[in-house]
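> The following block contains the structure, expressed as structure tokens.
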Amino acid sequence: MNNKEISQIFREIADMLEIQGGDFYRVNAYRRAADSIEHHPVALEELWKEGRLREVPRVGEAIAKKIDELLSTGQLGYYEELKEQVPDGVLSLLTIPGVGPKTAKLLHEKLGLASIPEVEHAAREERLRHLPGLRARSEEKILHGIEMLHRLSGRSLLGTALPIAQEIVERLRATSPAENIVPVGSLRRRKPTIGDIDILATTAKPTQVMSAFVKLSQVAEVLLQGDTKSTVILDNGLQVDLRVLSEERFGTLMQYFTGSKEHNVQLRILALDQGLSLSEYGYKKEDGTEITCPTEEEVYETIGLPWIPPEMREARGEIEAARAGKLPQLVTDGDIRGDFHVHTNYSDGVHTIEEMAQAAKAKGYDYILLTDHTRGLGVAGGMTPERVAEQRAEIKWVNEKLAPFRVLAGAEVEIRSNGTLDLPDEVLAEMDLVVAAIHSGLRQEREKITQRMLAAIRNPHVDIIAHPTGRLLGQREEIALDFEAVVREAAKTGTILEINAQPNRLDLDGAHVMRAIQEGVLLSIGTDAHHMDGLGLMPLGVAMARRGWAEAKDIANTMNWEDLKKKVKR
DNA sequence: GCCGTTTTCGGCCCGACTGTTTTCAGTCG
């Protein structure tokens with residue numbers, strides 16, 4: 001049993017206890033232990049064999065004993081008991097935005113509802129509004145929440161799909177005679193959410209490649225298996241298409257399947273102007289002769305264009321830019337010098353300052369900016385001014401130890417509902433960089449929430465605005481912000497806007513990045529890491545920057561600290 | 001249920017919003 005599976009059981013225990021109205025601290029202790037277990041760098045099975053389970057943070061006597069039972073017997077009596085009391089379907093209701101443990105329990109006990117479709121049906125029949133504490137508005141809210149879920153279902157987060165695609169590519173490379181294996185489609189363009197995974201490969205032995213593909217361990221169901229195309233469903237529900245083709249047409253096929261559709265249409269129109277018809281199989285001249293392209297570069301070259309990076313292929317002017325020789329030199333993973341959004345155990349992060357710094361140093365970074373939550377976000381263990389001072393002392397100590405690597409002192413301060421911050425100015429003034437964010441009062445109307453954001457941007461102590469639009473993919477819409485006003489004010493005051501690399505945020509996304517850059521706003525990329533693993537999300541943030549045509553000069557954390565210090569407003 | 005350079009017991013859980021209320025419960029971050 002791996003760490004993820006173990007953590008899942010404790011997470012479910014927490015959910016079930018909460019539905020039963022269990023003690024908040026106890027519920028939270030299970031949840032925090034689950035997080036800690038999931039991201040622990042060493043397999044719990046290993047630690048268990050050596051009797052070292054208690055070394056895992058947030059695993060105490062009781063949870064260690066439960067892990068022991070789980071690993072020795074493959075079962076956990078306590079978990080099984082709870083499952084008898086709380087049906088599976090009731091747990092699934094917690095995934096509906098706006099439905100928490102109390103409502104889930106109510107829906108189950110009073111109406112016998114134990115699945116999302118049942119709740120949706122009952123809500124449409126207006127049966128929820130007669131429950132105690134619920135009225136028509138609550139019913140609408142629940143229906144809206146279910147619609148949000150549906151909207152994402154069928155689509156997966158880029159952060160989920162990308163590692164899976166990369167793993168499949170690696171496995172195929174190792175176990176089959178496939179060459180040139182590449183994921184294409186919206187995944188290659190790095191869209192924040194993707195429908196299914198499309199992979200292309202070239203080979204002289206298609207049958208063997210396909211046979212290796214359908215035998216991958218993640219495959220739950222084979223929908224289609226042929227010599228040119230096979231389709232499978234993975235055990236997590238993702239659909240994967242593999243196309244195998246000959247090498248001479250690889251370029252046009254890759255270009256075609258990468259899309260976007262709109263980009264391809266524009267490309268074909270441009271080709272027609274030059275008397276060429278473009279399809280996935282190649283170019284055709286008016287006299288019927290064919291031009292095949294083994295590489296994508298040749299596809300673009302044939303009609304007089306430089307190769308266009310996939311992230312830009314969204315029909316947002318990239319073809320015009322390419323024709324004019326004005327394609328940007330997009331920022332790359334290698335340009336990044338540090339991470340500007342990092343949590344530690346001073347708030348809701350798992351690891352210590354030194355652990356996070358060591359992990360960042362191992363990635364080749366020059367610095368990280370610590371951005372622990374401040375006191376307003378109490379549930380996240382937000383820092384008081386006293387804790388800020390303690391953290392400062394620890395940073396100094398770590399910096400002495402790890403020099404020239406540098407831990408920058410900062411915080412993720414709360415922008416309160418009136419636009420003020422929840423740490424005093426004199427505390428903020430002492431920090432290297434201050435990140436501010438909205439985490440509550442997300443449903444304020446446009447005028448109010450915009451003014452609130454502008455007030456934070458105007459604060460001379462605020463350097464960066466984190467996850468500016470507040471969206472959570474598949475869970476929550478953006479806040480009602482007037483983004484244009486935010487961009488203008490950021491430009492005017494020299495405030496940096498963040499690209500948050502958390503898979504369910506990816507906020508700002510490409511379109512916002514583009515607008516910000518047009519107005520001369522500087523951006524930063526932060527992973528919002530809550531544990532060492534989380535630092536690895538940086539490429540997702542870089543992908544959003546690239547989708548917005550950002551160059552290295554547009555991204556604050558590609559600069560060295562001394563240069564950047566001169567550029568920020570403080 | 002976890003945790004401890006003030007503690008082995010008593011903290012940990014804050015603030016805002018929404019929808020249902022007429023003084024509060026539930027949800028969220």
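Here's how to read the names in the structure tokens: chain A, B, ... by the order shown, residue numbers from 1 in each chain, ligand numbers from 1 in the order shown.
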Could you list, as number ranges by chain, every residue within 12 Å of segment 12-17 of chain B, counting only C-alpha atoms (C1' of nucleotides) and ignoring same-chain residues fewer than 5 positions away?

A: 23-29, 374-383, 414-418, 422, 438-444; B: 1-3, 26-29

> Could you please write out, as a PyMOL selection string, every residue of segment 298-382 of chain A that DSSP assigns to strand (DSSP E)?

chain A and resi 338-342+367-370

> Can you work out which one of B:DT18, B:DT23, B:DG4, B:DC9 has the shortest atom-to-atom distance to chain A, counting only C-alpha atoms (C1' of nucleotides)?

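Smallest separation from chain A among the options: B:DT18.
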
> Between atom CA of Ala104 of chain A and atom CA of Leu76 of chain A, what is the spacing in Å?

24.4 Å

> Where does DSSP see alpha helix (DSSP H) in segment 418-550 of chain A, if you list the residues as a PyMOL selection string?

chain A and resi 425-429+446-458+483-493+510-518+538-547

> Measuring atom to atom with only C-alpha atoms, identify which of A:His512, A:Arg171, A:Arg406, A:Arg471 is nearest to Val486 of chain A.

A:His512

> Could you work out how far atom CA of Ala456 of chain A lies from atom CA of Val435 of chain A, giving the answer in Å with one decimal?

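Atom-to-atom, atom CA of Val435 of chain A and atom CA of Ala456 of chain A are spaced 10.0 Å apart.
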
> Determine the nearest neighbour of Gly534 of chain A from the options A:Gly349, A:Pro87, A:Gly364, A:Gly282, counting only C-alpha atoms.

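Residue with the minimum atom-to-atom distance to Gly534 of chain A: A:Gly349.
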
> Can you tell me which residues surround Leu535 of chain A at a distance of at most 9 Å, considering only C-alpha atoms (C1' of nucleotides), apart from same-chain residues fewer than 6 positions away, and format the answer as a list in words?

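Answer for this query is Asp339, Val342, Met356, Ala359, Ala360, Lys363, Gly526, Thr527, Asp528 and Ala529 of chain A.
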
> Only all heavy atoms, please: the residues just picked out, written as a PDB file, in the first residue's frame.


ATOM      1  N   ASP A 339      11.331  30.585  -6.436  1.00  0.00           N
ATOM      2  CA  ASP A 339       9.883  30.412  -6.298  1.00  0.00           C
ATOM      3  C   ASP A 339       9.352  31.509  -5.376  1.00  0.00           C
ATOM      4  O   ASP A 339       9.881  31.726  -4.284  1.00  0.00           O
ATOM      5  CB  ASP A 339       9.613  29.024  -5.689  1.00  0.00           C
ATOM      6  CG  ASP A 339       8.175  28.585  -5.860  1.00  0.00           C
ATOM      7  OD1 ASP A 339       7.269  29.445  -5.767  1.00  0.00           O
ATOM      8  OD2 ASP A 339       7.952  27.378  -6.069  1.00  0.00           O
ATOM      9  N   VAL A 342       5.718  30.267  -1.333  1.00  0.00           N
ATOM     10  CA  VAL A 342       6.105  29.041  -0.628  1.00  0.00           C
ATOM     11  C   VAL A 342       5.620  29.082   0.818  1.00  0.00           C
ATOM     12  O   VAL A 342       5.845  30.059   1.529  1.00  0.00           O
ATOM     13  CB  VAL A 342       7.644  28.877  -0.648  1.00  0.00           C
ATOM     14  CG1 VAL A 342       8.083  27.710   0.218  1.00  0.00           C
ATOM     15  CG2 VAL A 342       8.163  28.702  -2.070  1.00  0.00           C
ATOM     16  N   MET A 356      12.347  23.335   3.024  1.00  0.00           N
ATOM     17  CA  MET A 356      11.889  23.945   1.768  1.00  0.00           C
ATOM     18  C   MET A 356      13.072  24.582   1.028  1.00  0.00           C
ATOM     19  O   MET A 356      13.179  24.479  -0.191  1.00  0.00           O
ATOM     20  CB  MET A 356      10.803  24.993   2.039  1.00  0.00           C
ATOM     21  CG  MET A 356       9.505  24.446   2.611  1.00  0.00           C
ATOM     22  SD  MET A 356       8.749  23.121   1.639  1.00  0.00           S
ATOM     23  CE  MET A 356       7.872  24.046   0.378  1.00  0.00           C
ATOM     24  N   ALA A 359      15.237  21.926  -0.583  1.00  0.00           N
ATOM     25  CA  ALA A 359      14.573  21.370  -1.773  1.00  0.00           C
ATOM     26  C   ALA A 359      14.697  22.345  -2.939  1.00  0.00           C
ATOM     27  O   ALA A 359      14.916  21.947  -4.084  1.00  0.00           O
ATOM     28  CB  ALA A 359      13.113  21.057  -1.476  1.00  0.00           C
ATOM     29  N   ALA A 360      14.549  23.645  -2.643  1.00  0.00           N
ATOM     30  CA  ALA A 360      14.636  24.658  -3.704  1.00  0.00           C
ATOM     31  C   ALA A 360      16.073  24.750  -4.231  1.00  0.00           C
ATOM     32  O   ALA A 360      16.311  24.863  -5.425  1.00  0.00           O
ATOM     33  CB  ALA A 360      14.185  26.014  -3.180  1.00  0.00           C
ATOM     34  N   LYS A 363      16.898  22.172  -6.609  1.00  0.00           N
ATOM     35  CA  LYS A 363      16.346  22.414  -7.943  1.00  0.00           C
ATOM     36  C   LYS A 363      17.197  23.404  -8.729  1.00  0.00           C
ATOM     37  O   LYS A 363      16.890  23.702  -9.873  1.00  0.00           O
ATOM     38  CB  LYS A 363      14.915  22.974  -7.852  1.00  0.00           C
ATOM     39  CG  LYS A 363      13.909  22.002  -7.282  1.00  0.00           C
ATOM     40  CD  LYS A 363      12.520  22.614  -7.214  1.00  0.00           C
ATOM     41  CE  LYS A 363      11.866  22.698  -8.575  1.00  0.00           C
ATOM     42  NZ  LYS A 363      11.577  21.374  -9.143  1.00  0.00           N
ATOM     43  N   GLY A 526       4.560  31.602  -8.880  1.00  0.00           N
ATOM     44  CA  GLY A 526       4.712  30.955  -7.579  1.00  0.00           C
ATOM     45  C   GLY A 526       3.975  29.638  -7.577  1.00  0.00           C
ATOM     46  O   GLY A 526       2.920  29.502  -8.186  1.00  0.00           O
ATOM     47  N   THR A 527       4.549  28.650  -6.898  1.00  0.00           N
ATOM     48  CA  THR A 527       3.887  27.338  -6.874  1.00  0.00           C
ATOM     49  C   THR A 527       2.846  27.239  -5.777  1.00  0.00           C
ATOM     50  O   THR A 527       2.005  26.363  -5.804  1.00  0.00           O
ATOM     51  CB  THR A 527       4.901  26.208  -6.654  1.00  0.00           C
ATOM     52  OG1 THR A 527       5.560  26.436  -5.401  1.00  0.00           O
ATOM     53  CG2 THR A 527       5.908  26.145  -7.789  1.00  0.00           C
ATOM     54  N   ASP A 528       2.904  28.129  -4.768  1.00  0.00           N
ATOM     55  CA  ASP A 528       1.991  28.004  -3.630  1.00  0.00           C
ATOM     56  C   ASP A 528       2.245  26.663  -2.933  1.00  0.00           C
ATOM     57  O   ASP A 528       1.328  26.030  -2.414  1.00  0.00           O
ATOM     58  CB  ASP A 528       0.536  28.081  -4.121  1.00  0.00           C
ATOM     59  CG  ASP A 528      -0.398  28.681  -3.085  1.00  0.00           C
ATOM     60  OD1 ASP A 528      -0.025  28.740  -1.898  1.00  0.00           O
ATOM     61  OD2 ASP A 528      -1.516  29.074  -3.472  1.00  0.00           O
ATOM     62  N   ALA A 529       3.513  26.232  -2.947  1.00  0.00           N
ATOM     63  CA  ALA A 529       3.863  24.917  -2.400  1.00  0.00           C
ATOM     64  C   ALA A 529       3.569  24.863  -0.902  1.00  0.00           C
ATOM     65  O   ALA A 529       3.898  25.783  -0.167  1.00  0.00           O
ATOM     66  CB  ALA A 529       5.346  24.630  -2.638  1.00  0.00           C
TER      67      ALA A 529
END
